[in-house]
$ cat start06.txt   # compact mmCIF, N, CA and C atoms
# COMPACT_ATOMS: atom_id res chain seq x y z
N MET A 269 120.67 -42.55 -110.52
CA MET A 269 121.49 -43.72 -110.34
C MET A 269 122.17 -43.63 -108.96
N VAL A 270 122.13 -44.71 -108.22
CA VAL A 270 122.79 -44.76 -106.92
C VAL A 270 124.30 -44.92 -107.16
N ARG A 271 125.06 -44.03 -106.51
CA ARG A 271 126.52 -44.07 -106.64
C ARG A 271 127.15 -44.53 -105.34
N PRO A 272 128.37 -45.07 -105.41
CA PRO A 272 129.09 -45.45 -104.19
C PRO A 272 129.38 -44.21 -103.33
N VAL A 273 129.32 -44.39 -102.02
CA VAL A 273 129.62 -43.30 -101.09
C VAL A 273 131.13 -43.26 -100.86
N VAL A 274 131.70 -42.06 -100.98
CA VAL A 274 133.12 -41.83 -100.76
C VAL A 274 133.36 -41.77 -99.25
N HIS A 275 134.44 -42.40 -98.80
CA HIS A 275 134.78 -42.40 -97.38
C HIS A 275 136.17 -41.83 -97.17
N GLY A 276 136.35 -41.15 -96.04
CA GLY A 276 137.66 -40.66 -95.65
C GLY A 276 137.83 -39.18 -95.84
N GLU A 277 138.63 -38.61 -94.93
CA GLU A 277 138.83 -37.16 -94.92
C GLU A 277 139.53 -36.64 -96.17
N MET A 278 140.51 -37.34 -96.66
CA MET A 278 141.25 -36.86 -97.84
C MET A 278 140.34 -36.75 -99.06
N ALA A 279 139.45 -37.69 -99.23
CA ALA A 279 138.54 -37.68 -100.38
C ALA A 279 137.52 -36.54 -100.29
N LEU A 280 137.22 -36.11 -99.08
CA LEU A 280 136.20 -35.08 -98.89
C LEU A 280 136.78 -33.67 -98.76
N ALA A 281 138.07 -33.57 -98.64
CA ALA A 281 138.71 -32.26 -98.48
C ALA A 281 138.66 -31.47 -99.78
N GLY A 282 138.70 -30.17 -99.65
CA GLY A 282 138.70 -29.29 -100.83
C GLY A 282 137.35 -28.66 -101.07
N VAL A 283 137.39 -27.45 -101.58
CA VAL A 283 136.18 -26.66 -101.84
C VAL A 283 135.54 -27.11 -103.15
N SER A 284 134.24 -27.23 -103.14
CA SER A 284 133.49 -27.63 -104.34
C SER A 284 133.29 -26.42 -105.26
N ARG A 285 133.28 -26.67 -106.54
CA ARG A 285 133.02 -25.60 -107.51
C ARG A 285 131.52 -25.33 -107.59
N PRO A 286 131.12 -24.15 -108.07
CA PRO A 286 129.69 -23.86 -108.22
C PRO A 286 129.01 -24.82 -109.21
N ALA A 287 127.77 -25.16 -108.91
CA ALA A 287 126.98 -26.03 -109.79
C ALA A 287 126.41 -25.24 -110.96
N THR A 288 126.28 -25.90 -112.10
CA THR A 288 125.67 -25.32 -113.29
C THR A 288 124.59 -26.27 -113.80
N LYS A 289 123.92 -25.90 -114.88
CA LYS A 289 122.88 -26.77 -115.46
C LYS A 289 123.45 -28.12 -115.89
N ASP A 290 124.74 -28.16 -116.22
CA ASP A 290 125.37 -29.41 -116.62
C ASP A 290 125.50 -30.41 -115.46
N ASP A 291 125.30 -29.92 -114.24
CA ASP A 291 125.43 -30.76 -113.06
C ASP A 291 124.10 -31.33 -112.56
N ILE A 292 123.02 -31.08 -113.26
CA ILE A 292 121.71 -31.61 -112.86
C ILE A 292 121.74 -33.14 -112.73
N PRO A 293 122.38 -33.87 -113.63
CA PRO A 293 122.46 -35.33 -113.45
C PRO A 293 123.16 -35.73 -112.14
N VAL A 294 124.16 -34.97 -111.74
CA VAL A 294 124.84 -35.24 -110.46
C VAL A 294 123.86 -35.07 -109.32
N ALA A 295 123.05 -34.01 -109.37
CA ALA A 295 122.05 -33.75 -108.32
C ALA A 295 121.05 -34.91 -108.23
N LYS A 296 120.63 -35.41 -109.36
CA LYS A 296 119.68 -36.52 -109.37
C LYS A 296 120.31 -37.80 -108.82
N ASP A 297 121.56 -38.06 -109.18
CA ASP A 297 122.27 -39.22 -108.64
C ASP A 297 122.47 -39.08 -107.13
N LEU A 298 122.76 -37.87 -106.69
CA LEU A 298 122.95 -37.62 -105.27
C LEU A 298 121.67 -37.91 -104.49
N LEU A 299 120.54 -37.47 -105.02
CA LEU A 299 119.26 -37.74 -104.36
C LEU A 299 118.95 -39.24 -104.36
N ASP A 300 119.20 -39.92 -105.45
CA ASP A 300 119.01 -41.37 -105.49
C ASP A 300 119.88 -42.07 -104.44
N THR A 301 121.11 -41.59 -104.29
CA THR A 301 122.03 -42.19 -103.32
C THR A 301 121.58 -41.92 -101.90
N LEU A 302 121.09 -40.72 -101.62
CA LEU A 302 120.55 -40.42 -100.29
C LEU A 302 119.37 -41.32 -99.97
N LYS A 303 118.46 -41.46 -100.92
CA LYS A 303 117.28 -42.31 -100.69
C LYS A 303 117.69 -43.76 -100.44
N ALA A 304 118.72 -44.23 -101.14
CA ALA A 304 119.19 -45.60 -100.95
C ALA A 304 119.84 -45.80 -99.58
N ASN A 305 120.30 -44.70 -98.97
CA ASN A 305 120.96 -44.76 -97.67
C ASN A 305 120.11 -44.13 -96.56
N ARG A 306 118.83 -43.98 -96.79
CA ARG A 306 117.97 -43.24 -95.87
C ARG A 306 117.92 -43.81 -94.45
N LYS A 307 118.25 -45.08 -94.28
CA LYS A 307 118.25 -45.66 -92.92
C LYS A 307 119.43 -45.16 -92.10
N ASN A 308 120.49 -44.71 -92.77
CA ASN A 308 121.71 -44.29 -92.09
C ASN A 308 122.10 -42.84 -92.36
N CYS A 309 121.29 -42.11 -93.11
CA CYS A 309 121.72 -40.80 -93.57
C CYS A 309 120.52 -39.88 -93.82
N VAL A 310 120.65 -38.60 -93.46
CA VAL A 310 119.56 -37.64 -93.67
C VAL A 310 119.95 -36.52 -94.63
N GLY A 311 121.21 -36.49 -95.03
CA GLY A 311 121.65 -35.46 -95.96
C GLY A 311 122.97 -35.86 -96.59
N MET A 312 123.22 -35.32 -97.79
CA MET A 312 124.46 -35.61 -98.50
C MET A 312 124.87 -34.39 -99.33
N ALA A 313 126.18 -34.28 -99.52
CA ALA A 313 126.74 -33.30 -100.45
C ALA A 313 127.38 -34.06 -101.60
N ALA A 314 127.50 -33.41 -102.75
CA ALA A 314 127.98 -34.10 -103.95
C ALA A 314 129.37 -34.69 -103.79
N ASN A 315 130.21 -34.10 -102.95
CA ASN A 315 131.55 -34.68 -102.80
C ASN A 315 131.50 -36.05 -102.12
N MET A 316 130.38 -36.37 -101.49
CA MET A 316 130.22 -37.68 -100.87
C MET A 316 130.01 -38.79 -101.91
N ILE A 317 129.74 -38.39 -103.16
CA ILE A 317 129.68 -39.37 -104.26
C ILE A 317 130.79 -39.09 -105.28
N GLY A 318 131.82 -38.37 -104.81
CA GLY A 318 132.99 -38.15 -105.65
C GLY A 318 132.90 -36.99 -106.62
N GLN A 319 131.93 -36.10 -106.45
CA GLN A 319 131.76 -34.96 -107.34
C GLN A 319 131.98 -33.66 -106.57
N LYS A 320 133.02 -32.92 -106.88
CA LYS A 320 133.35 -31.68 -106.17
C LYS A 320 132.57 -30.51 -106.76
N VAL A 321 131.26 -30.58 -106.56
CA VAL A 321 130.36 -29.54 -107.05
C VAL A 321 129.40 -29.19 -105.92
N CYS A 322 129.01 -27.93 -105.83
CA CYS A 322 128.24 -27.44 -104.70
C CYS A 322 126.74 -27.78 -104.84
N ILE A 323 126.42 -29.01 -104.45
CA ILE A 323 125.03 -29.50 -104.47
C ILE A 323 124.82 -30.27 -103.17
N ILE A 324 123.67 -30.02 -102.52
CA ILE A 324 123.30 -30.79 -101.34
C ILE A 324 121.88 -31.31 -101.50
N VAL A 325 121.61 -32.42 -100.85
CA VAL A 325 120.26 -32.99 -100.77
C VAL A 325 120.03 -33.39 -99.32
N PHE A 326 118.77 -33.31 -98.87
CA PHE A 326 118.50 -33.63 -97.48
C PHE A 326 117.02 -33.92 -97.27
N ASP A 327 116.75 -34.57 -96.15
CA ASP A 327 115.38 -34.87 -95.73
C ASP A 327 114.89 -33.69 -94.90
N ASN A 328 113.91 -32.99 -95.41
CA ASN A 328 113.34 -31.83 -94.73
C ASN A 328 112.01 -32.23 -94.11
N GLY A 329 112.09 -32.97 -93.02
CA GLY A 329 110.88 -33.39 -92.33
C GLY A 329 110.01 -34.32 -93.15
N GLY A 330 110.61 -35.26 -93.87
CA GLY A 330 109.87 -36.22 -94.67
C GLY A 330 109.76 -35.88 -96.14
N LYS A 331 110.22 -34.68 -96.53
CA LYS A 331 110.22 -34.27 -97.93
C LYS A 331 111.66 -33.99 -98.35
N TYR A 332 112.12 -34.66 -99.39
CA TYR A 332 113.50 -34.45 -99.85
C TYR A 332 113.62 -33.13 -100.59
N MET A 333 114.75 -32.46 -100.34
CA MET A 333 115.04 -31.19 -101.02
C MET A 333 116.42 -31.27 -101.65
N THR A 334 116.56 -30.59 -102.76
CA THR A 334 117.84 -30.46 -103.45
C THR A 334 118.17 -28.98 -103.55
N MET A 335 119.41 -28.62 -103.21
CA MET A 335 119.86 -27.23 -103.31
C MET A 335 121.15 -27.18 -104.09
N LEU A 336 121.18 -26.34 -105.11
CA LEU A 336 122.39 -26.06 -105.85
C LEU A 336 122.94 -24.74 -105.33
N ASN A 337 124.23 -24.68 -105.08
CA ASN A 337 124.92 -23.47 -104.64
C ASN A 337 124.29 -22.82 -103.41
N PRO A 338 124.00 -23.62 -102.37
CA PRO A 338 123.39 -23.03 -101.17
C PRO A 338 124.36 -22.10 -100.44
N GLU A 339 123.80 -21.03 -99.92
CA GLU A 339 124.59 -20.05 -99.18
C GLU A 339 123.76 -19.56 -97.99
N ILE A 340 124.30 -19.67 -96.81
CA ILE A 340 123.60 -19.19 -95.62
C ILE A 340 123.76 -17.68 -95.56
N THR A 341 122.62 -16.98 -95.54
CA THR A 341 122.65 -15.52 -95.53
C THR A 341 122.32 -14.93 -94.17
N ASP A 342 121.75 -15.74 -93.27
CA ASP A 342 121.45 -15.28 -91.92
C ASP A 342 121.40 -16.49 -91.00
N ALA A 343 121.82 -16.31 -89.76
CA ALA A 343 121.82 -17.41 -88.80
C ALA A 343 121.68 -16.85 -87.39
N SER A 344 120.99 -17.62 -86.53
CA SER A 344 120.84 -17.20 -85.13
C SER A 344 120.68 -18.42 -84.24
N GLY A 345 120.96 -18.20 -82.96
CA GLY A 345 120.79 -19.27 -81.98
C GLY A 345 121.88 -20.31 -82.00
N GLU A 346 123.13 -19.89 -81.87
CA GLU A 346 124.25 -20.82 -81.93
C GLU A 346 124.21 -21.79 -80.74
N TYR A 347 124.57 -23.04 -81.02
CA TYR A 347 124.62 -24.07 -79.99
C TYR A 347 125.67 -25.11 -80.34
N GLU A 348 126.06 -25.92 -79.37
CA GLU A 348 127.01 -27.01 -79.61
C GLU A 348 126.25 -28.31 -79.73
N THR A 349 126.68 -29.16 -80.65
CA THR A 349 126.05 -30.46 -80.86
C THR A 349 127.11 -31.48 -81.24
N GLU A 350 126.70 -32.70 -81.40
CA GLU A 350 127.58 -33.77 -81.84
C GLU A 350 126.96 -34.41 -83.07
N GLU A 351 127.76 -34.58 -84.12
CA GLU A 351 127.24 -35.11 -85.39
C GLU A 351 128.08 -36.27 -85.89
N GLY A 352 127.42 -37.12 -86.64
CA GLY A 352 128.07 -38.18 -87.38
C GLY A 352 127.95 -37.89 -88.86
N CYS A 353 128.58 -38.72 -89.68
CA CYS A 353 128.55 -38.54 -91.12
C CYS A 353 128.68 -39.90 -91.79
N LEU A 354 127.91 -40.12 -92.83
CA LEU A 354 127.96 -41.39 -93.56
C LEU A 354 129.35 -41.65 -94.13
N SER A 355 130.08 -40.60 -94.47
CA SER A 355 131.40 -40.74 -95.09
C SER A 355 132.55 -40.84 -94.09
N LEU A 356 132.28 -40.57 -92.81
CA LEU A 356 133.33 -40.58 -91.80
C LEU A 356 132.91 -41.45 -90.63
N SER A 357 133.87 -42.04 -89.96
CA SER A 357 133.54 -42.87 -88.81
C SER A 357 133.43 -42.01 -87.55
N GLY A 358 132.60 -42.45 -86.63
CA GLY A 358 132.47 -41.78 -85.34
C GLY A 358 131.64 -40.51 -85.40
N THR A 359 131.66 -39.79 -84.28
CA THR A 359 130.95 -38.51 -84.18
C THR A 359 131.94 -37.46 -83.71
N ARG A 360 131.58 -36.20 -83.96
CA ARG A 360 132.43 -35.09 -83.58
C ARG A 360 131.57 -33.94 -83.07
N LYS A 361 132.12 -33.17 -82.14
CA LYS A 361 131.43 -31.98 -81.65
C LYS A 361 131.59 -30.86 -82.65
N THR A 362 130.54 -30.06 -82.79
CA THR A 362 130.58 -28.92 -83.69
C THR A 362 129.60 -27.87 -83.21
N ARG A 363 129.66 -26.70 -83.79
CA ARG A 363 128.73 -25.61 -83.45
C ARG A 363 127.81 -25.39 -84.63
N ARG A 364 126.54 -25.20 -84.35
CA ARG A 364 125.52 -24.96 -85.36
C ARG A 364 124.61 -23.83 -84.92
N PHE A 365 123.72 -23.42 -85.84
CA PHE A 365 122.72 -22.40 -85.54
C PHE A 365 121.34 -23.03 -85.59
N GLU A 366 120.48 -22.62 -84.69
CA GLU A 366 119.11 -23.14 -84.60
C GLU A 366 118.27 -22.70 -85.80
N LYS A 367 118.45 -21.45 -86.24
CA LYS A 367 117.67 -20.91 -87.37
C LYS A 367 118.62 -20.35 -88.42
N ILE A 368 118.33 -20.67 -89.68
CA ILE A 368 119.15 -20.16 -90.79
C ILE A 368 118.25 -19.74 -91.94
N THR A 369 118.77 -18.82 -92.74
CA THR A 369 118.16 -18.45 -94.01
C THR A 369 119.16 -18.83 -95.09
N VAL A 370 118.66 -19.50 -96.13
CA VAL A 370 119.54 -20.03 -97.17
C VAL A 370 119.08 -19.54 -98.53
N LYS A 371 120.02 -19.01 -99.30
CA LYS A 371 119.78 -18.66 -100.71
C LYS A 371 120.34 -19.82 -101.52
N TYR A 372 119.57 -20.31 -102.50
CA TYR A 372 120.00 -21.47 -103.29
C TYR A 372 119.29 -21.47 -104.63
N GLN A 373 119.65 -22.44 -105.47
CA GLN A 373 118.98 -22.66 -106.75
C GLN A 373 118.32 -24.03 -106.72
N THR A 374 117.18 -24.13 -107.39
CA THR A 374 116.47 -25.39 -107.53
C THR A 374 117.06 -26.15 -108.72
N LEU A 375 116.52 -27.35 -108.97
CA LEU A 375 116.95 -28.12 -110.14
C LEU A 375 116.63 -27.41 -111.44
N ALA A 376 115.64 -26.51 -111.40
CA ALA A 376 115.29 -25.71 -112.58
C ALA A 376 116.13 -24.44 -112.66
N LEU A 377 117.12 -24.32 -111.76
CA LEU A 377 118.01 -23.17 -111.65
C LEU A 377 117.30 -21.88 -111.23
N ALA A 378 116.12 -22.03 -110.63
CA ALA A 378 115.40 -20.87 -110.10
C ALA A 378 116.03 -20.47 -108.77
N GLU A 379 116.20 -19.16 -108.56
CA GLU A 379 116.74 -18.64 -107.31
C GLU A 379 115.66 -18.70 -106.24
N LYS A 380 116.00 -19.24 -105.08
CA LYS A 380 115.06 -19.34 -103.96
C LYS A 380 115.76 -18.90 -102.68
N THR A 381 114.96 -18.52 -101.72
CA THR A 381 115.43 -18.25 -100.37
C THR A 381 114.49 -18.97 -99.43
N GLY A 382 115.04 -19.70 -98.46
CA GLY A 382 114.22 -20.43 -97.52
C GLY A 382 114.74 -20.27 -96.10
N SER A 383 113.82 -20.34 -95.15
CA SER A 383 114.18 -20.30 -93.74
C SER A 383 113.98 -21.69 -93.16
N PHE A 384 114.94 -22.13 -92.35
CA PHE A 384 114.91 -23.46 -91.77
C PHE A 384 115.31 -23.37 -90.31
N SER A 385 114.74 -24.28 -89.51
CA SER A 385 115.10 -24.30 -88.10
C SER A 385 115.16 -25.74 -87.62
N GLY A 386 115.78 -25.92 -86.44
CA GLY A 386 115.87 -27.24 -85.86
C GLY A 386 116.76 -28.18 -86.66
N PHE A 387 116.34 -29.45 -86.71
CA PHE A 387 117.16 -30.47 -87.34
C PHE A 387 117.42 -30.22 -88.83
N PRO A 388 116.42 -29.79 -89.63
CA PRO A 388 116.74 -29.49 -91.04
C PRO A 388 117.82 -28.41 -91.18
N ALA A 389 117.80 -27.41 -90.31
CA ALA A 389 118.84 -26.36 -90.35
C ALA A 389 120.21 -26.96 -90.05
N GLN A 390 120.26 -27.87 -89.09
CA GLN A 390 121.52 -28.53 -88.74
C GLN A 390 122.05 -29.35 -89.91
N ILE A 391 121.17 -30.09 -90.57
CA ILE A 391 121.58 -30.91 -91.72
C ILE A 391 122.15 -30.02 -92.83
N ILE A 392 121.45 -28.94 -93.14
CA ILE A 392 121.89 -28.03 -94.21
C ILE A 392 123.28 -27.49 -93.89
N GLN A 393 123.49 -27.07 -92.65
CA GLN A 393 124.80 -26.53 -92.27
C GLN A 393 125.90 -27.58 -92.43
N HIS A 394 125.61 -28.81 -92.04
CA HIS A 394 126.58 -29.90 -92.17
C HIS A 394 126.94 -30.11 -93.65
N GLU A 395 125.94 -30.14 -94.51
CA GLU A 395 126.20 -30.39 -95.94
C GLU A 395 126.89 -29.21 -96.61
N ILE A 396 126.55 -28.00 -96.23
CA ILE A 396 127.25 -26.82 -96.77
C ILE A 396 128.71 -26.87 -96.34
N ASP A 397 128.97 -27.30 -95.12
CA ASP A 397 130.35 -27.47 -94.68
C ASP A 397 131.10 -28.41 -95.61
N HIS A 398 130.45 -29.51 -96.02
CA HIS A 398 131.07 -30.44 -96.98
C HIS A 398 131.46 -29.69 -98.26
N CYS A 399 130.56 -28.86 -98.76
CA CYS A 399 130.85 -28.11 -99.99
C CYS A 399 132.04 -27.17 -99.83
N ARG A 400 132.24 -26.70 -98.63
CA ARG A 400 133.37 -25.80 -98.33
C ARG A 400 134.65 -26.57 -98.02
N GLY A 401 134.56 -27.89 -98.01
CA GLY A 401 135.72 -28.70 -97.68
C GLY A 401 135.99 -28.79 -96.19
N LYS A 402 135.02 -28.36 -95.39
CA LYS A 402 135.15 -28.40 -93.93
C LYS A 402 134.50 -29.68 -93.42
N LEU A 403 135.24 -30.43 -92.66
CA LEU A 403 134.72 -31.67 -92.08
C LEU A 403 134.48 -31.48 -90.60
N ILE A 404 133.41 -32.11 -90.11
CA ILE A 404 133.16 -32.01 -88.67
C ILE A 404 134.16 -32.86 -87.92
$ encode --input "start06.txt" --output "structure tokens"
Amino acid sequence: MVRPVVHGEMALAGVSRPATKDDIPVAKDLLDTLKANRKNCVGMAANMIGQKVCIIVFDNGGKYMTMLNPEITDASGEYETEEGCLSLSGTRKTRRFEKITVKYQTLALAEKTGSFSGFPAQIIQHEIDHCRGKLI
């Protein structure tokens, strides 16, 4: 189900709690909402639909991915960039890593580790920041 997108820094502040199997419907709604906003958005965190749970979804080069409880375990190639966000107006400068390794759970709660680089890595970092309550 497509949910309304939350706007504003106060609504997005605060650390998200870990996701559990009970949060699978939230993950599905989050993916539906990302797809509905695909012209203006490449990734979302659950707090962007009003749910303070650690779930992210993103476009990984044309294939959508969902990650529950993502955690960056390795990163290299730091650089400065400028990002926008569907939930916030304008753009802001931030620092990101070119290559990252992420430990996460799938919708089936299977533990996975993946390596990402370039734009998908940047998107993941942005959405994990949302889960940590950090805004760009």
$ atom_distance --input "start06.txt" --atom1 "atom N of Gly276 (chain A)" --atom2 "atom N of Leu403 (chain A)"
11.3 Å
$ select_by_dssp --input "start06.txt" --residues "chain A" --states "helix (DSSP H, G or I)" --output "PyMOL selection string"
chain A and resi 277-280+289-304+314-317+386-399
$ write_last_selection --input "start06.txt" --atoms "N, CA and C atoms" --output "tab-separated table (two decimals), in the frame of the given file"
chain	number	residue	atom	x	y	z
A	277	GLU	N	138.63	-38.61	-94.93
A	277	GLU	CA	138.83	-37.16	-94.92
A	277	GLU	C	139.53	-36.64	-96.17
A	278	MET	N	140.51	-37.34	-96.66
A	278	MET	CA	141.25	-36.86	-97.84
A	278	MET	C	140.34	-36.75	-99.06
A	279	ALA	N	139.45	-37.69	-99.23
A	279	ALA	CA	138.54	-37.68	-100.38
A	279	ALA	C	137.52	-36.54	-100.29
A	280	LEU	N	137.22	-36.11	-99.08
A	280	LEU	CA	136.20	-35.08	-98.89
A	280	LEU	C	136.78	-33.67	-98.76
A	289	LYS	N	123.92	-25.90	-114.88
A	289	LYS	CA	122.88	-26.77	-115.46
A	289	LYS	C	123.45	-28.12	-115.89
A	290	ASP	N	124.74	-28.16	-116.22
A	290	ASP	CA	125.37	-29.41	-116.62
A	290	ASP	C	125.50	-30.41	-115.46
A	291	ASP	N	125.30	-29.92	-114.24
A	291	ASP	CA	125.43	-30.76	-113.06
A	291	ASP	C	124.10	-31.33	-112.56
A	292	ILE	N	123.02	-31.08	-113.26
A	292	ILE	CA	121.71	-31.61	-112.86
A	292	ILE	C	121.74	-33.14	-112.73
A	293	PRO	N	122.38	-33.87	-113.63
A	293	PRO	CA	122.46	-35.33	-113.45
A	293	PRO	C	123.16	-35.73	-112.14
A	294	VAL	N	124.16	-34.97	-111.74
A	294	VAL	CA	124.84	-35.24	-110.46
A	294	VAL	C	123.86	-35.07	-109.32
A	295	ALA	N	123.05	-34.01	-109.37
A	295	ALA	CA	122.05	-33.75	-108.32
A	295	ALA	C	121.05	-34.91	-108.23
A	296	LYS	N	120.63	-35.41	-109.36
A	296	LYS	CA	119.68	-36.52	-109.37
A	296	LYS	C	120.31	-37.80	-108.82
A	297	ASP	N	121.56	-38.06	-109.18
A	297	ASP	CA	122.27	-39.22	-108.64
A	297	ASP	C	122.47	-39.08	-107.13
A	298	LEU	N	122.76	-37.87	-106.69
A	298	LEU	CA	122.95	-37.62	-105.27
A	298	LEU	C	121.67	-37.91	-104.49
A	299	LEU	N	120.54	-37.47	-105.02
A	299	LEU	CA	119.26	-37.74	-104.36
A	299	LEU	C	118.95	-39.24	-104.36
A	300	ASP	N	119.20	-39.92	-105.45
A	300	ASP	CA	119.01	-41.37	-105.49
A	300	ASP	C	119.88	-42.07	-104.44
A	301	THR	N	121.11	-41.59	-104.29
A	301	THR	CA	122.03	-42.19	-103.32
A	301	THR	C	121.58	-41.92	-101.90
A	302	LEU	N	121.09	-40.72	-101.62
A	302	LEU	CA	120.55	-40.42	-100.29
A	302	LEU	C	119.37	-41.32	-99.97
A	303	LYS	N	118.46	-41.46	-100.92
A	303	LYS	CA	117.28	-42.31	-100.69
A	303	LYS	C	117.69	-43.76	-100.44
A	304	ALA	N	118.72	-44.23	-101.14
A	304	ALA	CA	119.19	-45.60	-100.95
A	304	ALA	C	119.84	-45.80	-99.58
A	314	ALA	N	127.50	-33.41	-102.75
A	314	ALA	CA	127.98	-34.10	-103.95
A	314	ALA	C	129.37	-34.69	-103.79
A	315	ASN	N	130.21	-34.10	-102.95
A	315	ASN	CA	131.55	-34.68	-102.80
A	315	ASN	C	131.50	-36.05	-102.12
A	316	MET	N	130.38	-36.37	-101.49
A	316	MET	CA	130.22	-37.68	-100.87
A	316	MET	C	130.01	-38.79	-101.91
A	317	ILE	N	129.74	-38.39	-103.16
A	317	ILE	CA	129.68	-39.37	-104.26
A	317	ILE	C	130.79	-39.09	-105.28
A	386	GLY	N	115.78	-25.92	-86.44
A	386	GLY	CA	115.87	-27.24	-85.86
A	386	GLY	C	116.76	-28.18	-86.66
A	387	PHE	N	116.34	-29.45	-86.71
A	387	PHE	CA	117.16	-30.47	-87.34
A	387	PHE	C	117.42	-30.22	-88.83
A	388	PRO	N	116.42	-29.79	-89.63
A	388	PRO	CA	116.74	-29.49	-91.04
A	388	PRO	C	117.82	-28.41	-91.18
A	389	ALA	N	117.80	-27.41	-90.31
A	389	ALA	CA	118.84	-26.36	-90.35
A	389	ALA	C	120.21	-26.96	-90.05
A	390	GLN	N	120.26	-27.87	-89.09
A	390	GLN	CA	121.52	-28.53	-88.74
A	390	GLN	C	122.05	-29.35	-89.91
A	391	ILE	N	121.17	-30.09	-90.57
A	391	ILE	CA	121.58	-30.91	-91.72
A	391	ILE	C	122.15	-30.02	-92.83
A	392	ILE	N	121.45	-28.94	-93.14
A	392	ILE	CA	121.89	-28.03	-94.21
A	392	ILE	C	123.28	-27.49	-93.89
A	393	GLN	N	123.49	-27.07	-92.65
A	393	GLN	CA	124.80	-26.53	-92.27
A	393	GLN	C	125.90	-27.58	-92.43
A	394	HIS	N	125.61	-28.81	-92.04
A	394	HIS	CA	126.58	-29.90	-92.17
A	394	HIS	C	126.94	-30.11	-93.65
A	395	GLU	N	125.94	-30.14	-94.51
A	395	GLU	CA	126.20	-30.39	-95.94
A	395	GLU	C	126.89	-29.21	-96.61
A	396	ILE	N	126.55	-28.00	-96.23
A	396	ILE	CA	127.25	-26.82	-96.77
A	396	ILE	C	128.71	-26.87	-96.34
A	397	ASP	N	128.97	-27.30	-95.12
A	397	ASP	CA	130.35	-27.47	-94.68
A	397	ASP	C	131.10	-28.41	-95.61
A	398	HIS	N	130.45	-29.51	-96.02
A	398	HIS	CA	131.07	-30.44	-96.98
A	398	HIS	C	131.46	-29.69	-98.26
A	399	CYS	N	130.56	-28.86	-98.76
A	399	CYS	CA	130.85	-28.11	-99.99
A	399	CYS	C	132.04	-27.17	-99.83
$ atom_distance --input "start06.txt" --atom1 "CA of Arg400 (chain A)" --atom2 "CA of Met278 (chain A)"
13.6 Å
$ residues_around --input "start06.txt" --residues "Ala314 (chain A)" --least-positions-apart "3" --cutoff "7 Å" --atoms "all atoms listed in the file" --output "PyMOL selection string"
chain A and resi 294+298+317-325+399
$ residues_near_point --input "start06.txt" --point "(123.2, -39.4, -101.1)" --cutoff "7 Å" --atoms "all atoms listed in the file" --output "list in words"
Asp297, Leu298, Leu299, Asp300, Thr301, Leu302, Lys303, Ala304, Asn305, Gly311, Met312, Ala313, Met316 and Ile317 of chain A
$ closest_residue --input "start06.txt" --among "A:Asp291, A:Asp327, A:Glu277, A:Asp342" --to "Thr374 (chain A)" --atoms "only C-alpha atoms"
A:Asp291
$ axis_aligned_box --input "start06.txt" --around "region 273-281 of chain A" --padding-each-side "3 Å" --output "JSON"
{"center_x": 135.3, "center_y": -37.9, "center_z": -98.5, "size_x": 17.9, "size_y": 18.9, "size_z": 13.1}
$ residues_near_point --input "start06.txt" --point "(124.9, -25.7, -100.5)" --cutoff "12 Å" --atoms "only C-alpha atoms" --output "MDAnalysis selection string"
chainID A and resid 283:287 295 311:315 320:326 333:341 369:374 389 391:401
$ atom_distance --input "start06.txt" --atom1 "CA of Glu348 (chain A)" --atom2 "atom N of Arg364 (chain A)"
5.1 Å
$ decode --input "start06.txt" --residues "region 330-337 of chain A" --atoms "N, CA, C and O atoms" --output "compact mmCIF listing (two decimals), in the first residue's frame"
# COMPACT_ATOMS: atom_id res chain seq x y z
N GLY A 330 18.22 -0.40 -11.35
CA GLY A 330 17.05 -0.91 -12.05
C GLY A 330 16.35 -2.07 -11.35
O GLY A 330 15.29 -2.50 -11.78
N LYS A 331 16.94 -2.58 -10.26
CA LYS A 331 16.33 -3.65 -9.49
C LYS A 331 16.13 -3.15 -8.06
O LYS A 331 17.08 -2.71 -7.41
N TYR A 332 14.89 -3.20 -7.58
CA TYR A 332 14.61 -2.73 -6.23
C TYR A 332 15.10 -3.73 -5.19
O TYR A 332 14.97 -4.93 -5.37
N MET A 333 15.66 -3.18 -4.11
CA MET A 333 16.13 -4.01 -3.00
C MET A 333 15.52 -3.51 -1.70
O MET A 333 15.31 -2.31 -1.53
N THR A 334 15.28 -4.44 -0.80
CA THR A 334 14.81 -4.13 0.54
C THR A 334 15.82 -4.68 1.54
O THR A 334 16.26 -5.81 1.41
N MET A 335 16.19 -3.86 2.52
CA MET A 335 17.11 -4.29 3.57
C MET A 335 16.51 -4.00 4.92
O MET A 335 16.09 -2.87 5.19
N LEU A 336 16.47 -5.01 5.76
CA LEU A 336 16.07 -4.85 7.15
C LEU A 336 17.35 -4.80 7.98
O LEU A 336 18.27 -5.58 7.75
N ASN A 337 17.42 -3.87 8.90
CA ASN A 337 18.54 -3.72 9.82
C ASN A 337 19.90 -3.64 9.12
O ASN A 337 20.85 -4.32 9.51
